[in-house]
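*Asks:* Take a look at query_9.tsv, TSV, C-alpha atoms:
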```tsv
chain	number	residue	atom	x	y	z
A	185	MET	CA	0.00	0.00	0.00
A	186	ALA	CA	1.56	3.28	-1.08
A	187	ILE	CA	1.21	6.31	1.12
A	188	ALA	CA	2.84	9.19	-0.71
A	189	PRO	CA	4.23	11.47	0.23
A	190	LEU	CA	4.85	10.76	3.89
A	191	LEU	CA	5.15	13.82	6.05
A	192	ALA	CA	8.65	14.49	7.32
A	193	ALA	CA	7.20	14.37	10.83
A	194	THR	CA	5.78	10.89	10.19
A	195	THR	CA	9.11	9.58	8.96
A	196	ALA	CA	10.96	11.18	11.87
A	197	PHE	CA	8.55	9.71	14.42
A	198	ILE	CA	9.05	6.19	13.09
A	199	GLN	CA	12.80	6.48	12.62
A	200	ARG	CA	13.44	7.53	16.19
A	201	ALA	CA	11.86	4.26	17.42
A	202	PRO	CA	9.15	5.51	19.81
A	203	ARG	CA	9.50	4.52	23.46
A	204	MET	CA	6.97	3.97	26.24
A	205	LEU	CA	5.72	6.83	28.40
A	206	ILE	CA	5.89	6.04	32.12
A	207	GLY	CA	5.35	9.01	34.38
A	208	ALA	CA	7.54	11.83	33.07
A	209	HIS	CA	9.93	9.56	31.18
A	210	TRP	CA	10.13	8.04	27.71
A	211	THR	CA	11.71	4.71	28.42
A	212	GLU	CA	12.85	1.40	27.00
A	213	ALA	CA	11.78	-1.92	28.49
A	214	GLY	CA	13.55	-2.73	31.72
A	215	ASP	CA	15.33	-5.71	30.16
A	216	GLY	CA	16.00	-3.94	26.86
A	217	GLN	CA	13.75	-6.26	24.84
A	218	THR	CA	11.97	-4.90	21.77
A	219	MET	CA	9.44	-6.15	19.25
A	220	PRO	CA	9.13	-5.24	15.54
A	221	LEU	CA	6.19	-3.35	14.07
A	222	ARG	CA	5.29	-4.06	10.46
A	223	ASN	CA	3.19	-2.51	7.75
A	224	PRO	CA	0.51	-5.20	7.25
A	225	ALA	CA	0.06	-4.19	3.61
A	226	THR	CA	3.69	-4.80	2.64
A	227	GLY	CA	5.30	-6.75	5.47
A	228	GLU	CA	7.92	-4.01	5.76
A	229	GLN	CA	9.38	-3.49	9.22
A	230	LEU	CA	8.58	0.02	10.39
A	231	CYS	CA	10.50	0.20	13.66
A	232	LEU	CA	11.14	-1.49	16.98
A	233	VAL	CA	9.20	-0.65	20.14
A	234	PRO	CA	9.79	-1.74	23.74
A	235	ARG	CA	8.46	-5.11	24.87
A	236	ALA	CA	7.34	-4.20	28.38
A	237	THR	CA	8.09	-6.43	31.35
A	238	VAL	CA	5.86	-6.94	34.36
A	239	ASP	CA	8.06	-4.49	36.26
A	240	ASP	CA	7.57	-1.88	33.52
A	241	VAL	CA	3.80	-2.19	33.80
A	242	ASP	CA	4.00	-1.98	37.58
A	243	ARG	CA	6.06	1.22	37.28
A	244	ALA	CA	3.46	2.71	34.95
A	245	VAL	CA	0.62	1.84	37.33
A	246	LEU	CA	2.57	3.29	40.25
A	247	ALA	CA	3.12	6.51	38.28
A	248	ALA	CA	-0.62	6.71	37.61
A	249	ARG	CA	-1.38	5.95	41.27
A	250	GLN	CA	0.94	8.68	42.49
A	251	ALA	CA	-0.46	11.16	39.97
A	252	PHE	CA	-3.95	10.43	41.27
A	253	ASP	CA	-3.12	10.38	44.98
A	254	ASP	CA	-0.36	12.96	45.33
A	255	SER	CA	-0.36	15.39	42.39
A	256	PRO	CA	-2.57	18.46	41.81
A	257	TRP	CA	-4.39	16.58	39.02
A	258	THR	CA	-7.34	15.35	41.09
A	259	ARG	CA	-7.84	18.84	42.48
A	260	THR	CA	-8.22	20.45	39.06
A	261	ARG	CA	-11.54	22.14	38.52
A	262	PRO	CA	-13.95	20.76	35.90
A	263	ARG	CA	-13.35	23.79	33.68
A	264	GLU	CA	-9.60	23.11	33.73
A	265	ARG	CA	-10.15	19.50	32.68
A	266	GLN	CA	-12.49	20.71	29.96
A	267	ASN	CA	-9.91	23.15	28.61
A	268	LEU	CA	-7.14	20.56	28.65
A	269	LEU	CA	-9.24	18.12	26.62
A	270	TRP	CA	-10.08	20.86	24.13
A	271	LYS	CA	-6.37	21.63	23.81
A	272	LEU	CA	-5.56	17.96	23.27
A	273	ALA	CA	-8.24	17.74	20.58
A	274	ASP	CA	-6.83	20.87	18.91
A	275	LEU	CA	-3.33	19.37	18.88
A	276	MET	CA	-4.72	16.19	17.32
A	277	GLN	CA	-6.46	18.28	14.68
A	278	ARG	CA	-3.16	20.03	13.95
A	279	ASP	CA	-1.45	16.65	13.52
A	280	ALA	CA	-4.40	14.86	11.92
A	281	GLU	CA	-2.53	13.95	8.74
A	282	LEU	CA	0.40	12.55	10.72
A	283	LEU	CA	-1.93	10.46	12.91
A	284	ALA	CA	-3.75	9.18	9.82
A	285	GLN	CA	-0.46	8.16	8.21
A	286	LEU	CA	0.56	6.27	11.33
A	287	GLU	CA	-2.75	4.37	11.24
A	288	CYS	CA	-2.22	3.60	7.55
A	289	LEU	CA	1.32	2.34	8.06
A	290	ASN	CA	0.74	0.38	11.25
A	291	ASN	CA	-2.84	-0.82	10.75
A	292	GLY	CA	-3.24	-1.07	6.98
A	293	LYS	CA	-6.22	1.27	6.65
A	294	SER	CA	-6.63	3.46	3.61
A	295	ALA	CA	-5.67	7.10	4.04
A	296	ALA	CA	-9.24	8.24	3.40
A	297	VAL	CA	-10.72	5.93	6.05
A	298	ALA	CA	-8.03	6.72	8.61
A	299	GLN	CA	-8.39	10.47	8.18
A	300	ALA	CA	-12.18	10.69	8.03
A	301	MET	CA	-13.08	7.98	10.50
A	302	ASP	CA	-10.33	7.00	12.93
A	303	VAL	CA	-8.68	10.38	13.41
A	304	GLN	CA	-11.60	12.76	13.02
A	305	LEU	CA	-13.95	10.68	15.17
A	306	SER	CA	-11.25	10.54	17.86
A	307	ILE	CA	-10.98	14.33	17.82
A	308	ASP	CA	-14.74	14.78	17.85
A	309	PHE	CA	-15.10	12.37	20.77
A	310	LEU	CA	-12.52	14.20	22.90
A	311	ARG	CA	-14.32	17.48	22.25
A	312	TYR	CA	-17.58	15.85	23.26
A	313	MET	CA	-16.04	14.51	26.47
A	314	ALA	CA	-14.54	17.93	27.22
A	315	GLY	CA	-18.09	19.22	27.52
A	316	TRP	CA	-18.95	16.49	30.02
A	317	ALA	CA	-16.24	17.65	32.44
A	318	THR	CA	-18.52	20.49	33.57
A	319	LYS	CA	-21.79	18.52	33.36
A	320	ILE	CA	-21.20	15.83	36.00
A	321	GLU	CA	-23.58	16.50	38.86
A	322	GLY	CA	-24.52	14.94	42.17
A	323	SER	CA	-27.99	14.73	43.65
A	324	SER	CA	-29.73	15.08	46.97
A	325	VAL	CA	-31.81	12.27	48.44
A	326	GLU	CA	-34.84	12.70	50.65
A	327	VAL	CA	-34.30	10.90	53.96
A	328	SER	CA	-37.49	9.16	55.01
A	329	LEU	CA	-36.75	6.83	57.90
A	330	PRO	CA	-38.39	6.75	61.35
A	331	LEU	CA	-35.14	7.31	63.23
A	332	MET	CA	-33.82	9.96	60.82
A	333	PRO	CA	-36.07	13.05	60.89
A	334	ASP	CA	-35.87	15.20	57.78
A	335	ASP	CA	-34.95	18.31	59.75
A	336	GLN	CA	-31.88	16.62	61.28
A	337	PHE	CA	-30.47	14.59	58.40
A	338	HIS	CA	-29.46	15.38	54.85
A	339	SER	CA	-28.30	12.85	52.26
A	340	PHE	CA	-26.59	13.56	48.96
A	341	ILE	CA	-24.64	11.77	46.23
A	342	ARG	CA	-21.34	13.18	44.98
A	343	ARG	CA	-19.68	11.69	41.92
A	344	GLU	CA	-15.91	11.36	42.18
A	345	ALA	CA	-13.14	10.04	39.95
A	346	VAL	CA	-12.71	6.29	40.31
A	347	GLY	CA	-8.90	6.44	40.36
A	348	VAL	CA	-6.38	4.56	38.20
A	349	VAL	CA	-7.79	3.11	34.98
A	350	GLY	CA	-6.10	0.22	33.19
A	351	ALA	CA	-7.08	0.20	29.51
A	352	ILE	CA	-6.34	-2.45	26.88
A	353	VAL	CA	-7.45	-1.91	23.28
A	354	ALA	CA	-7.65	-3.93	20.07
A	355	TRP	CA	-5.78	-3.47	16.80
A	356	ASN	CA	-8.71	-2.66	14.49
A	357	PHE	CA	-9.24	0.98	15.58
A	358	PRO	CA	-6.08	1.77	17.58
A	359	LEU	CA	-6.42	5.53	17.97
A	360	LEU	CA	-10.20	5.68	18.25
A	361	LEU	CA	-10.36	2.98	20.91
A	362	ALA	CA	-7.57	4.67	22.86
A	363	CYS	CA	-9.51	7.95	22.82
A	364	TRP	CA	-12.71	6.19	23.88
A	365	LYS	CA	-10.84	5.09	27.01
A	366	LEU	CA	-8.84	8.28	27.48
A	367	GLY	CA	-11.61	10.86	27.07
A	368	PRO	CA	-13.88	9.82	29.97
A	369	ALA	CA	-10.89	9.21	32.25
A	370	LEU	CA	-9.41	12.67	31.70
A	371	ALA	CA	-12.78	14.41	31.81
A	372	THR	CA	-13.51	13.00	35.26
A	373	GLY	CA	-10.04	13.38	36.80
A	374	CYS	CA	-8.84	9.78	36.61
A	375	THR	CA	-5.37	8.65	35.58
A	376	LEU	CA	-4.75	6.03	32.92
A	377	VAL	CA	-2.35	3.28	31.88
A	378	LEU	CA	-2.94	2.28	28.24
A	379	LYS	CA	-1.74	-1.00	26.74
A	380	PRO	CA	-2.32	-0.78	22.98
A	381	ALA	CA	-2.54	-3.88	20.84
A	382	ASP	CA	0.80	-5.61	20.25
A	383	GLU	CA	0.70	-4.90	16.52
A	384	THR	CA	-0.55	-1.30	16.44
A	385	PRO	CA	0.86	0.99	19.15
A	386	LEU	CA	2.21	3.83	16.99
A	387	SER	CA	-0.79	6.17	17.13
A	388	ALA	CA	-1.12	5.63	20.90
A	389	LEU	CA	2.52	6.62	21.38
A	390	LYS	CA	1.99	9.75	19.30
A	391	LEU	CA	-1.14	10.47	21.33
A	392	ALA	CA	1.00	10.29	24.48
A	393	GLU	CA	3.31	12.96	23.04
A	394	LEU	CA	0.31	15.21	22.44
A	395	VAL	CA	-0.99	14.62	25.98
A	396	GLN	CA	2.34	15.88	27.28
A	397	GLU	CA	2.27	18.86	24.93
A	398	ALA	CA	-1.25	19.74	26.05
A	399	GLY	CA	0.06	20.22	29.58
A	400	TYR	CA	-1.25	17.24	31.53
A	401	PRO	CA	0.72	16.47	34.71
A	402	ASP	CA	3.24	13.64	34.62
A	403	GLY	CA	1.72	10.24	35.29
A	404	VAL	CA	-1.82	11.14	34.27
A	405	PHE	CA	-1.43	9.22	30.99
A	406	ASN	CA	1.01	6.33	30.59
A	407	VAL	CA	1.52	4.01	27.62
A	408	VAL	CA	3.19	0.60	27.81
A	409	THR	CA	3.84	-1.45	24.68
A	410	GLY	CA	4.21	-5.19	24.72
A	411	THR	CA	2.37	-8.47	24.53
A	412	GLY	CA	-0.99	-9.25	26.00
A	413	ILE	CA	0.42	-12.30	27.76
A	414	THR	CA	2.97	-10.25	29.71
A	415	ALA	CA	2.02	-6.56	29.73
A	416	GLY	CA	-1.73	-7.00	29.42
A	417	SER	CA	-1.86	-9.66	32.12
A	418	ALA	CA	0.28	-7.56	34.48
A	419	LEU	CA	-2.03	-4.59	34.02
A	420	THR	CA	-5.19	-6.57	34.76
A	421	ARG	CA	-3.69	-8.12	37.89
A	422	ASN	CA	-2.13	-5.03	39.46
A	423	PRO	CA	-3.89	-4.26	42.76
A	424	LEU	CA	-3.34	-0.50	42.38
A	425	VAL	CA	-5.70	-0.39	39.37
A	426	ASP	CA	-9.21	0.76	40.33
A	427	LYS	CA	-10.95	0.20	37.00
A	428	LEU	CA	-10.27	-2.06	34.02
A	429	THR	CA	-11.59	-1.40	30.53
A	430	PHE	CA	-10.93	-3.80	27.67
A	431	THR	CA	-11.87	-3.95	24.00
A	432	GLY	CA	-11.02	-7.21	22.27
A	433	SER	CA	-11.90	-10.86	21.97
A	434	THR	CA	-14.54	-12.61	24.02
A	435	ALA	CA	-12.06	-15.24	25.18
A	436	VAL	CA	-9.64	-12.68	26.63
A	437	GLY	CA	-12.53	-10.64	28.01
A	438	LYS	CA	-13.77	-13.63	29.98
A	439	GLU	CA	-10.35	-14.04	31.59
A	440	ILE	CA	-10.19	-10.35	32.48
A	441	GLY	CA	-13.70	-10.56	33.90
A	442	LYS	CA	-12.67	-13.45	36.16
A	443	ILE	CA	-9.62	-11.55	37.40
A	444	ALA	CA	-11.70	-8.44	38.05
A	445	MET	CA	-14.32	-10.47	39.91
A	446	ASP	CA	-11.71	-12.07	42.15
A	447	SER	CA	-10.22	-8.69	43.08
A	448	MET	CA	-13.55	-6.80	43.06
A	449	THR	CA	-12.12	-4.38	40.48
A	450	ARG	CA	-14.60	-2.39	38.40
A	451	VAL	CA	-14.53	-3.62	34.81
A	452	THR	CA	-16.01	-2.67	31.43
A	453	LEU	CA	-15.72	-5.19	28.58
A	454	GLU	CA	-16.42	-4.51	24.90
A	455	LEU	CA	-16.05	-7.93	23.31
A	456	GLY	CA	-16.49	-9.69	20.00
A	457	GLY	CA	-19.81	-9.06	18.35
A	458	LYS	CA	-21.28	-8.77	14.89
A	459	SER	CA	-24.02	-6.71	13.30
A	460	PRO	CA	-26.04	-8.68	10.74
A	461	THR	CA	-27.65	-6.93	7.81
A	462	ILE	CA	-31.46	-7.00	7.85
A	463	VAL	CA	-33.26	-6.31	4.57
A	464	MET	CA	-36.93	-5.40	4.91
A	465	ALA	CA	-39.61	-6.05	2.32
A	466	ASP	CA	-39.81	-2.40	1.25
A	467	ALA	CA	-36.04	-1.92	0.90
A	468	ASP	CA	-34.24	-0.84	-2.26
A	469	LEU	CA	-32.68	-4.23	-3.00
A	470	ALA	CA	-30.12	-2.92	-5.48
A	471	SER	CA	-28.86	-0.36	-2.99
A	472	ALA	CA	-28.74	-2.91	-0.17
A	473	ALA	CA	-26.82	-5.40	-2.30
A	474	ALA	CA	-24.35	-2.76	-3.47
A	475	GLY	CA	-23.41	-1.76	0.07
A	476	LEU	CA	-23.11	-5.24	1.54
A	477	PRO	CA	-19.65	-6.29	0.21
A	478	ALA	CA	-17.84	-3.24	1.57
A	479	ARG	CA	-19.58	-3.55	4.92
A	480	SER	CA	-18.83	-7.27	5.15
A	481	SER	CA	-15.10	-6.86	4.46
A	482	SER	CA	-14.37	-3.68	6.43
A	483	THR	CA	-11.33	-4.08	8.73
A	484	ARG	CA	-11.01	-7.65	7.41
A	485	ALA	CA	-14.44	-8.20	9.00
A	486	ARG	CA	-12.75	-7.92	12.41
A	487	SER	CA	-14.97	-5.40	14.14
A	488	ALA	CA	-18.53	-5.21	15.41
A	489	ALA	CA	-19.83	-3.34	12.37
A	490	PRO	CA	-19.10	-5.75	9.46
A	491	ALA	CA	-22.01	-8.04	8.69
A	492	PRO	CA	-21.20	-11.78	8.81
A	493	GLY	CA	-24.64	-12.65	7.53
A	494	CYS	CA	-27.79	-11.24	6.06
A	495	MET	CA	-31.45	-11.76	6.93
A	496	CYS	CA	-34.34	-10.69	4.76
A	497	SER	CA	-38.11	-10.77	4.89
A	498	ALA	CA	-39.59	-14.02	3.63
A	499	SER	CA	-41.63	-12.15	1.03
A	500	ILE	CA	-38.48	-11.02	-0.82
A	501	SER	CA	-36.28	-14.06	-0.24
A	502	THR	CA	-36.39	-15.29	-3.83
A	503	ARG	CA	-35.55	-11.85	-5.26
A	504	TRP	CA	-32.80	-11.21	-2.72
```
Write the structure described by the file as structure tokens, please.
*Replies:*
Amino acid sequence: MAIAPLLAATTAFIQRAPRMLIGAHWTEAGDGQTMPLRNPATGEQLCLVPRATVDDVDRAVLAARQAFDDSPWTRTRPRERQNLLWKLADLMQRDAELLAQLECLNNGKSAAVAQAMDVQLSIDFLRYMAGWATKIEGSSVEVSLPLMPDDQFHSFIRREAVGVVGAIVAWNFPLLLACWKLGPALATGCTLVLKPADETPLSALKLAELVQEAGYPDGVFNVVTGTGITAGSALTRNPLVDKLTFTGSTAVGKEIGKIAMDSMTRVTLELGGKSPTIVMADADLASAAAGLPARSSSTRARSAAPAPGCMCSASISTRW
């Protein structure tokens, strides 16, 4: 797949072999191990990235824990968190072409799809979440118990940041999935450790650079690259993580769910699913048929949107 011409900034980013962000530091793996990233369209090796150890993941979680417990981050006002997310979105808009090229090279998407869908939807989502930073409200509750007279007791609910979020994302929409995890965490004052998919971490590493440039405190956003077996497992099992969020296969999601249940860690799982096409009796059959091949093969049919099958009304089954 030809992507021409590459921006000088894209080439420079790849050639300097991006490292992990842990706290304030861009770092190699503790044992020096790396893993190659390849362009799936050509097989060409793009660069080497760190292959995180368990200790590396633990350091990243500790950095996020300290940023949540000890830094000014959790005391920032909602308006400050809103403005920071807007700034991050603006920086992504500035570097939209670079981010799209990284998705093309590392994920195999076409430039048009990466720019219009992955990158622009990521930017739009962060701007949307920026608005939520100032919209999170508590509520008061009427106390109506015999031993708790209304004039002596008052009950209310206050929503607070959950703490350290451990996020693991799939390879099919690397940047968009990262932003879906990042946006709510930053809007609410949480800190985050992101483990991108083994094959596609480049856009997440660039995102980490932009988070730093936007002015977020050290440790608020951390990125560790590596395998699911080592880095992903270490992240899900770390007791300093308050919330796990995972997008990926059902099999891995079940294992994460079991780990979360054993440790009573909050967990959100977005797992394998498909969206069949349903053709109704009054549909334009030519139009429906024309759109089905592209929808069925999108992202090699490895997302929730591609249709693995089609159902139609019995009255049009012979024509369909």
*Asks:* Nearest residue to A:Ala317 out of A:Glu264, A:Leu366, A:Leu329, A:Gly350, using only C-alpha atoms?
*Replies:* A:Glu264
*Asks:* Could you jot down the atom CA of A:Gly207 to atom CA of A:Asn356 separation for me, Å, one decimal place?
*Replies:*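 Going from atom CA of A:Gly207 over to atom CA of A:Asn356 covers 27.0 Å.
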*Asks:* Provide the atom CA of A:Ala295 to atom CA of A:Met204 distance in Å, to one decimal place.
*Replies:*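 Separation between atom CA of A:Ala295 and atom CA of A:Met204: 25.7 Å.
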*Asks:* List as a CSV table (one decimal) with C-alpha atoms, in the coordinates of the input the protein and nucleic acid residues near A:Glu393, meaning an atom at most 12 Å away when all atoms listed in the file are counted, but skip any in the same chain fewer than 2 places from it.
*Replies:*
```
chain,number,residue,atom,x,y,z
A,197,PHE,CA,8.6,9.7,14.4
A,202,PRO,CA,9.2,5.5,19.8
A,203,ARG,CA,9.5,4.5,23.5
A,204,MET,CA,7.0,4.0,26.2
A,205,LEU,CA,5.7,6.8,28.4
A,206,ILE,CA,5.9,6.0,32.1
A,208,ALA,CA,7.5,11.8,33.1
A,209,HIS,CA,9.9,9.6,31.2
A,210,TRP,CA,10.1,8.0,27.7
A,272,LEU,CA,-5.6,18.0,23.3
A,275,LEU,CA,-3.3,19.4,18.9
A,276,MET,CA,-4.7,16.2,17.3
A,279,ASP,CA,-1.4,16.6,13.5
A,283,LEU,CA,-1.9,10.5,12.9
A,386,LEU,CA,2.2,3.8,17.0
A,387,SER,CA,-0.8,6.2,17.1
A,388,ALA,CA,-1.1,5.6,20.9
A,389,LEU,CA,2.5,6.6,21.4
A,390,LYS,CA,2.0,9.8,19.3
A,391,LEU,CA,-1.1,10.5,21.3
A,395,VAL,CA,-1.0,14.6,26.0
A,396,GLN,CA,2.3,15.9,27.3
A,397,GLU,CA,2.3,18.9,24.9
A,398,ALA,CA,-1.2,19.7,26.0
A,399,GLY,CA,0.1,20.2,29.6
A,400,TYR,CA,-1.2,17.2,31.5
A,402,ASP,CA,3.2,13.6,34.6
A,405,PHE,CA,-1.4,9.2,31.0
A,406,ASN,CA,1.0,6.3,30.6
A,407,VAL,CA,1.5,4.0,27.6
```
*Asks:* Can you pull out every residue within 8 Å of stretch 188-193 of chain A, counting only C-alpha atoms, but drop anything in the same chain fewer than 3 positions away, and send it as an MDAnalysis selection string?
*Replies:* chainID A and resid 196:197 282 285
*Asks:* For atom CA of A:Arg243 and atom CA of A:Asn267, quote the distance in Å rounded to one decimal.
*Replies:*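 If I compute the distance from atom CA of A:Arg243 to atom CA of A:Asn267, I get 28.5 Å.
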*Asks:* Which residue gives the smallest distance to A:Gly227 among A:Ala273, A:Leu289, A:Phe337, A:Ala201, with all atoms listed in the file counted?
*Replies:*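 Nearest candidate to A:Gly227 out of A:Ala273, A:Leu289, A:Phe337, A:Ala201: A:Leu289.
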*Asks:* Quick one: of A:Ile352, A:Ala298, A:Leu305, A:Leu246, who's nearest to A:Thr411, counting all atoms listed in the file?
*Replies:*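 Closest to A:Thr411 of all the choices is A:Ile352.
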*Asks:* Could you work out an axis-aligned bounding box for all listed atoms of stretch 198-210 of chain A, with 6 Å added on each of the six sides, and give its centre and edge lengths in Å to one decimal, as lines of an AutoDock Vina configuration file?
*Replies:*
```
center_x = 9.4
center_y = 7.9
center_z = 23.5
size_x = 20.1
size_y = 19.9
size_z = 33.8
```
*Asks:* Using only C-alpha atoms - which residues lie no farther than 9 Å from the point (-12.7, 4.3, 33.9) in the file's frame? Write them as a ChimeraX atom specification.
*Replies:* /A:345-351,365-366,368-369,372,374-376,426-429,450-452
*Asks:* From the list A:Leu370, A:Glu439, A:Ile307, A:Pro401, which residue is nearest A:Ser417 when using all atoms listed in the file?
*Replies:*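 Looking at the shortest contact to A:Ser417, the residue is A:Glu439.
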*Asks:* My list of candidates is A:Asp274, A:Asp335, A:Glu344, A:Glu287. Which is closest to A:Arg311 when distances are computed with all atoms listed in the file?
*Replies:* A:Asp274
*Asks:* Given only C-alpha atoms as the basis, pick out the residue of A:Asp242, A:Arg278, A:Thr384, A:Gly315 nearest to A:Met219.
*Replies:* A:Thr384
*Asks:* At a cut-off of 8 Å, using all atoms listed in the file, what residues contact A:Thr461? Leave out same-chain residues fewer than 4 positions from it and give the result as a PyMOL selection string.
*Replies:* chain A and resi 476+491+493-495
*Asks:* Which protein, DNA or RNA residues have an atom at most 10 Å from (9.6, -4.6, 16.5), counting only C-alpha atoms? List them as a list in words.
*Replies:* Ala201, Gln217, Thr218, Met219, Pro220, Leu221, Arg222, Gln229, Leu230, Cys231, Leu232, Val233, Pro234, Arg235, Asp382, Glu383 and Gly410 of chain A
*Asks:* Using only C-alpha atoms, which residues sit within 7 Å of A:Val241 once same-chain residues fewer than 5 positions away are excluded, as a ChimeraX atom specification?
*Replies:* /A:236,408,415,418-419
*Asks:* Near A:Gln266, counting all atoms listed in the file, which residues have an atom at most 9 Å away, once you skip same-chain residues fewer than 2 positions from it, shown as JSON, numbers by chain?
*Replies:* {"A": [261, 262, 263, 264, 268, 269, 270, 271, 311, 313, 314, 315, 316, 317, 318, 370, 371]}
